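Next comes data.txt, with compact mmCIF, C-alpha atoms and all ligand atoms.
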# COMPACT_ATOMS: atom_id res chain seq x y z
CA MET A 35 84.35 34.96 -24.51
CA GLU A 36 82.19 34.96 -27.59
CA ILE A 37 80.02 32.06 -28.63
CA ARG A 38 80.33 31.86 -32.39
CA LYS A 39 78.76 28.47 -32.91
CA ALA A 40 76.29 26.39 -30.93
CA GLU A 41 74.59 23.24 -32.10
CA TYR A 42 72.55 20.45 -30.60
CA PHE A 43 74.77 17.38 -30.22
CA LYS A 44 72.87 14.59 -28.45
CA SER A 45 70.51 13.60 -25.66
CA VAL A 46 71.87 11.20 -23.06
CA PHE A 47 69.50 8.98 -21.07
CA ASP A 48 72.19 6.70 -19.66
CA LEU A 49 75.74 7.59 -18.62
CA LYS A 50 77.04 4.93 -21.03
CA GLU A 51 75.96 7.28 -23.82
CA LEU A 52 78.17 10.21 -22.71
CA PRO A 53 80.34 11.70 -25.50
CA GLN A 54 83.58 9.74 -25.80
CA ASP A 55 85.82 12.74 -26.38
CA ASN A 56 87.87 15.04 -24.19
CA PHE A 57 85.86 18.21 -24.60
CA SER A 58 85.10 20.11 -21.40
CA GLN A 59 81.52 20.15 -20.18
CA ILE A 60 79.60 22.89 -18.37
CA ALA A 61 76.29 21.80 -16.86
CA PHE A 62 73.14 23.86 -16.27
CA ALA A 63 70.91 22.83 -13.36
CA GLY A 64 67.67 24.21 -12.02
CA ARG A 65 64.05 23.46 -11.26
CA SER A 66 61.54 23.27 -14.09
CA ASN A 67 60.45 26.65 -15.41
CA VAL A 68 63.24 28.59 -13.68
CA GLY A 69 64.53 29.82 -17.06
CA LYS A 70 67.28 27.30 -17.86
CA SER A 71 66.49 27.01 -21.57
CA SER A 72 66.14 30.78 -21.88
CA LEU A 73 69.57 31.23 -20.28
CA ILE A 74 71.22 28.75 -22.68
CA ASN A 75 69.51 30.39 -25.65
CA THR A 76 70.64 33.86 -24.52
CA LEU A 77 74.25 32.84 -23.90
CA THR A 78 74.45 31.14 -27.29
CA ASN A 79 72.54 33.89 -29.05
CA GLN A 80 70.04 31.45 -30.49
CA LYS A 81 66.29 31.73 -30.31
CA ASN A 82 65.46 28.07 -29.97
CA LEU A 83 68.57 26.00 -29.27
CA ALA A 84 67.37 24.61 -25.96
CA LYS A 85 63.70 24.20 -26.78
CA ILE A 86 61.79 26.38 -24.37
CA SER A 87 59.26 23.91 -23.17
CA LYS A 88 55.84 25.16 -22.22
CA THR A 89 55.39 21.86 -20.40
CA PRO A 90 57.49 21.88 -17.24
CA GLY A 91 59.45 18.69 -16.71
CA LYS A 92 59.45 17.65 -20.37
CA THR A 93 63.23 17.44 -20.56
CA LYS A 94 64.20 14.03 -19.22
CA ALA A 95 67.65 13.66 -20.71
CA LEU A 96 71.03 15.32 -20.39
CA ASN A 97 70.95 17.47 -23.52
CA PHE A 98 74.38 18.19 -25.00
CA PHE A 99 75.09 21.28 -27.08
CA LYS A 100 78.47 21.66 -28.76
CA ILE A 101 79.86 25.17 -28.41
CA ASN A 102 82.50 26.70 -30.70
CA ASP A 103 83.46 23.15 -31.75
CA ARG A 104 85.38 22.80 -28.48
CA PHE A 105 83.23 22.34 -25.40
CA TYR A 106 79.72 21.34 -24.33
CA PHE A 107 76.85 22.95 -22.54
CA VAL A 108 74.84 20.24 -20.80
CA ASP A 109 71.19 21.01 -20.08
CA LEU A 110 70.23 18.83 -17.11
CA PRO A 111 66.63 17.70 -16.56
CA GLY A 112 64.63 20.28 -14.64
CA TYR A 113 63.78 19.01 -11.18
CA GLY A 114 60.92 19.79 -8.85
CA PHE A 115 57.94 19.06 -11.03
CA ALA A 116 55.28 17.41 -8.89
CA LYS A 117 53.20 15.88 -11.69
CA VAL A 118 55.63 13.10 -12.57
CA SER A 119 55.62 9.80 -10.71
CA LYS A 120 58.14 9.10 -7.96
CA THR A 121 59.83 6.37 -10.01
CA VAL A 122 60.32 8.58 -13.07
CA LYS A 123 61.51 11.39 -10.83
CA SER A 124 64.09 9.33 -8.96
CA GLY A 125 65.34 8.08 -12.34
CA TRP A 126 66.21 11.64 -13.38
CA GLU A 127 67.61 12.48 -10.00
CA ASP A 128 69.95 9.47 -10.13
CA LEU A 129 70.98 10.44 -13.66
CA ILE A 130 71.77 14.03 -12.59
CA GLU A 131 73.58 12.96 -9.42
CA ASN A 132 75.63 10.20 -11.07
CA TYR A 133 76.53 12.49 -13.95
CA LEU A 134 77.70 15.28 -11.62
CA LYS A 135 79.66 12.86 -9.45
CA SER A 136 81.40 10.83 -12.10
CA THR A 137 82.19 12.90 -15.20
CA PRO A 138 85.88 13.87 -15.36
CA ASN A 139 85.30 16.30 -18.24
CA LEU A 140 82.74 18.26 -16.24
CA ARG A 141 84.42 21.55 -15.30
CA GLY A 142 81.57 23.17 -13.40
CA THR A 143 77.88 23.84 -13.08
CA ILE A 144 75.63 26.83 -13.48
CA GLN A 145 73.05 26.45 -10.70
CA ILE A 146 69.99 28.47 -11.62
CA LEU A 147 67.65 29.92 -9.01
CA ASP A 148 64.75 32.35 -9.30
CA SER A 149 66.00 35.80 -8.28
CA ARG A 150 62.65 36.54 -6.63
CA HIS A 151 62.44 33.59 -4.25
CA PRO A 152 64.57 31.82 -1.67
CA PRO A 153 65.87 28.40 -2.76
CA SER A 154 63.37 25.53 -2.58
CA GLN A 155 64.03 22.28 -0.74
CA GLU A 156 65.22 20.72 -4.01
CA ASP A 157 67.43 23.73 -4.80
CA TRP A 158 69.08 23.21 -1.42
CA GLU A 159 69.61 19.54 -2.17
CA MET A 160 71.38 20.52 -5.41
CA LEU A 161 73.52 23.15 -3.67
CA GLU A 162 74.48 20.66 -0.99
CA LEU A 163 75.32 18.03 -3.59
CA LEU A 164 77.54 20.49 -5.49
CA ASP A 165 79.34 21.40 -2.26
CA PHE A 166 79.63 17.76 -1.27
CA ILE A 167 81.25 16.66 -4.54
CA ASN A 168 83.38 19.79 -4.57
CA LEU A 169 82.30 20.85 -8.04
CA LYS A 170 82.80 24.47 -9.03
CA TYR A 171 79.54 26.28 -9.53
CA LEU A 172 78.08 29.71 -10.15
CA VAL A 173 74.59 30.58 -8.94
CA VAL A 174 72.63 32.43 -11.62
CA LEU A 175 69.55 34.28 -10.39
CA THR A 176 67.09 34.44 -13.27
CA LYS A 177 64.16 36.67 -14.19
CA SER A 178 65.86 39.65 -12.58
CA ASP A 179 63.94 41.96 -14.95
CA LYS A 180 60.91 41.21 -12.76
CA LEU A 181 62.57 42.91 -9.78
CA SER A 182 62.59 46.65 -9.16
CA SER A 183 65.97 48.23 -8.42
CA GLN A 184 65.03 48.18 -4.74
CA GLY A 185 64.07 44.50 -5.07
CA LEU A 186 67.41 43.80 -6.72
CA SER A 187 69.42 45.32 -3.92
CA ASP A 188 67.22 43.73 -1.22
CA ASN A 189 67.49 40.29 -2.81
CA SER A 190 71.20 40.69 -3.42
CA GLN A 191 71.63 41.17 0.32
CA LYS A 192 69.30 38.24 1.06
CA PHE A 193 71.14 35.84 -1.27
CA LYS A 194 74.46 36.89 0.24
CA GLU A 195 73.14 35.83 3.62
CA ILE A 196 71.37 32.70 2.39
CA LEU A 197 74.28 31.38 0.31
CA GLU A 198 76.92 32.70 2.71
CA ASN A 199 78.93 34.02 -0.25
CA ASP A 200 78.58 36.37 -3.21
CA ASN A 201 79.20 33.81 -5.89
CA PHE A 202 76.01 34.72 -7.78
CA VAL A 203 74.98 36.76 -10.80
CA PHE A 204 71.60 38.34 -11.49
CA PHE A 205 70.47 37.47 -15.00
CA SER A 206 67.62 38.35 -17.32
CA ALA A 207 66.87 36.60 -20.61
CA LYS A 208 64.74 39.62 -21.46
CA THR A 209 67.42 42.31 -21.10
CA LYS A 210 70.47 39.97 -21.28
CA ALA A 211 71.77 41.57 -18.08
CA GLY A 212 74.41 39.37 -16.46
CA GLY A 213 75.17 37.39 -19.62
CA ASN A 214 78.75 38.62 -20.01
CA LYS A 215 79.60 37.89 -16.39
CA ILE A 216 78.38 34.32 -16.81
CA LEU A 217 80.39 33.89 -20.01
CA SER A 218 83.58 35.12 -18.37
CA TRP A 219 83.05 32.71 -15.48
CA ILE A 220 82.69 29.89 -18.02
CA LYS A 221 85.79 31.06 -19.89
CA HIS A 222 87.89 30.83 -16.72
CA LEU A 223 86.75 27.25 -16.16
CA LEU A 224 87.69 26.01 -19.61
N1 LIG A 301 60.63 37.92 -17.65
C1 LIG A 301 61.43 36.87 -17.81
N2 LIG A 301 60.90 35.67 -18.14
C2 LIG A 301 61.73 34.61 -18.27
C3 LIG A 301 63.14 34.72 -18.10
N3 LIG A 301 63.70 33.51 -18.28
C4 LIG A 301 62.68 32.68 -18.59
N4 LIG A 301 61.49 33.31 -18.59
C5 LIG A 301 60.16 32.72 -18.86
O1 LIG A 301 59.94 31.65 -17.93
C6 LIG A 301 59.30 30.54 -18.57
C7 LIG A 301 60.17 29.29 -18.41
O2 LIG A 301 61.39 29.48 -19.12
P1 LIG A 301 62.27 28.27 -19.67
O3 LIG A 301 63.52 28.86 -20.21
O4 LIG A 301 61.49 27.39 -20.58
O5 LIG A 301 62.53 27.48 -18.30
P2 LIG A 301 63.15 26.02 -18.05
O6 LIG A 301 61.99 25.10 -17.81
O7 LIG A 301 63.96 26.19 -16.82
O8 LIG A 301 63.97 25.63 -19.24
C8 LIG A 301 59.10 30.96 -20.02
O9 LIG A 301 57.79 31.47 -20.13
C9 LIG A 301 60.12 32.06 -20.23
O10 LIG A 301 59.76 32.99 -21.22
C10 LIG A 301 63.67 36.03 -17.75
O11 LIG A 301 64.87 36.23 -17.55
N5 LIG A 301 62.77 37.05 -17.62
MG MG A 302 63.99 23.87 -20.42

Is it possible to give me this structure as structure tokens?
Ligand SMILES: Nc1nc2c(ncn2[C@@H]2O[C@H](COP(=O)(O)OP(=O)(O)O)[C@@H](O)[C@H]2O)c(=O)[nH]1
Ligand SMILES: [Mg+2]
Amino acid sequence: MEIRKAEYFKSVFDLKELPQDNFSQIAFAGRSNVGKSSLINTLTNQKNLAKISKTPGKTKALNFFKINDRFYFVDLPGYGFAKVSKTVKSGWEDLIENYLKSTPNLRGTIQILDSRHPPSQEDWEMLELLDFINLKYLVVLTKSDKLSSQGLSDNSQKFKEILENDNFVFFSAKTKAGGNKILSWIKHLL
């Protein structure tokens, strides 16, 4: 699949504001700073579509991007940033959880993890939620350019054991490695 057109559509702070159309949605989830914006920018071939925030946790909304005039990428708020208050944090978590549970047009989620580290407590909560609601998802392991080839094969084995499957793709925003695999997974969902 080729992404010919990608544009910012809207930011949703309340599920009542979800787009009222029938376009499919693909969500992107991950902890702050994991490389979610960089992944969206790479897949869409745009330098600054999803603003790469230098301030972790700045994105508090569900950010909708319209792709090829026919589906949406949905950038979910990054979780796991300690510096926000509990109340603000649980607000985002509810928004993410309710969105994932109750959006018929949502076809699947890209769950982003750091290729160098095992999943955090919050990553596990997301993975369990995705399993629980039976939503299709692909695990994307970012920043793979920071691993040596030995590190890649070691961590590939580790993630196979940790996730108990091989439904993951190593990705690098720097080299674009893995991008085409992710796009074909998305194409099959649409
Ligand atoms: N080397 C490398 N750095 C990355 C990659 N993806 C993201 N980064 C860096 O990680 C930081 C956080 O990235 P960003 O996309 O803003 O993360 P987000 O908070 O999840 O949206 C930035 O400094 C990026 O340049 C990658 O694949 N390789
Ligand atoms: Mg971001």

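Contact shell of Ile146 of chain A at 8 Å (all atoms listed in the file; same-chain neighbours under 3 positions omitted): Phe62, Ala63, Gly64, Arg65, Val68, Gly69, Lys70, Val173, Val174, Leu175 and Thr176 of chain A.
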
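Distances here use only C-alpha atoms and all ligand atoms; by that measure, the residue among A:Phe57, A:Tyr113, A:Tyr171, A:Trp158 closest to ligand MG 302 (chain A) is A:Tyr113.
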
Counting all atoms listed in the file, the option among A:Phe166, A:Phe204, A:Phe107, A:Phe193 closest to His151 of chain A: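 Once distances to His151 of chain A are computed over all atoms listed in the file, the minimum belongs to A:Phe193.
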
What box, with edges along x, y and z, holds each listed atom of ligand LIG 301 (chain A) when 8 Å is added on every side, and can you state its centre and edge lengths in Å to one decimal, as JSON?
{"center_x": 61.3, "center_y": 31.5, "center_z": -19.0, "size_x": 23.1, "size_y": 28.8, "size_z": 20.4}

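A distance search around ligand LIG 301 (chain A) (6 Å at most, all atoms listed in the file) returns the following protein and nucleic acid residues: Ser66, Asn67, Val68, Gly69, Lys70, Ser71, Ser72, Ile86, Ser87, Pro90, Thr176, Lys177, Asp179, Lys180, Ser206, Ala207 and Lys208 of chain A.
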
task: Considering only C-alpha atoms, state which residue in the set A:Leu110, A:Ile74, A:Leu96, A:Met35 is at the smallest distance from Ile220 of chain A.
output: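 Closest to Ile220 of chain A of all the choices is A:Met35.
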
message: If we count only C-alpha atoms and set the cut-off at 12 Å, which residues sit around Leu164 of chain A, ignoring sequence neighbours fewer than 5 positions away in its own chain? Please answer as number ranges by chain.
response: A: 61, 63, 130-135, 142-145, 157-159, 169-173
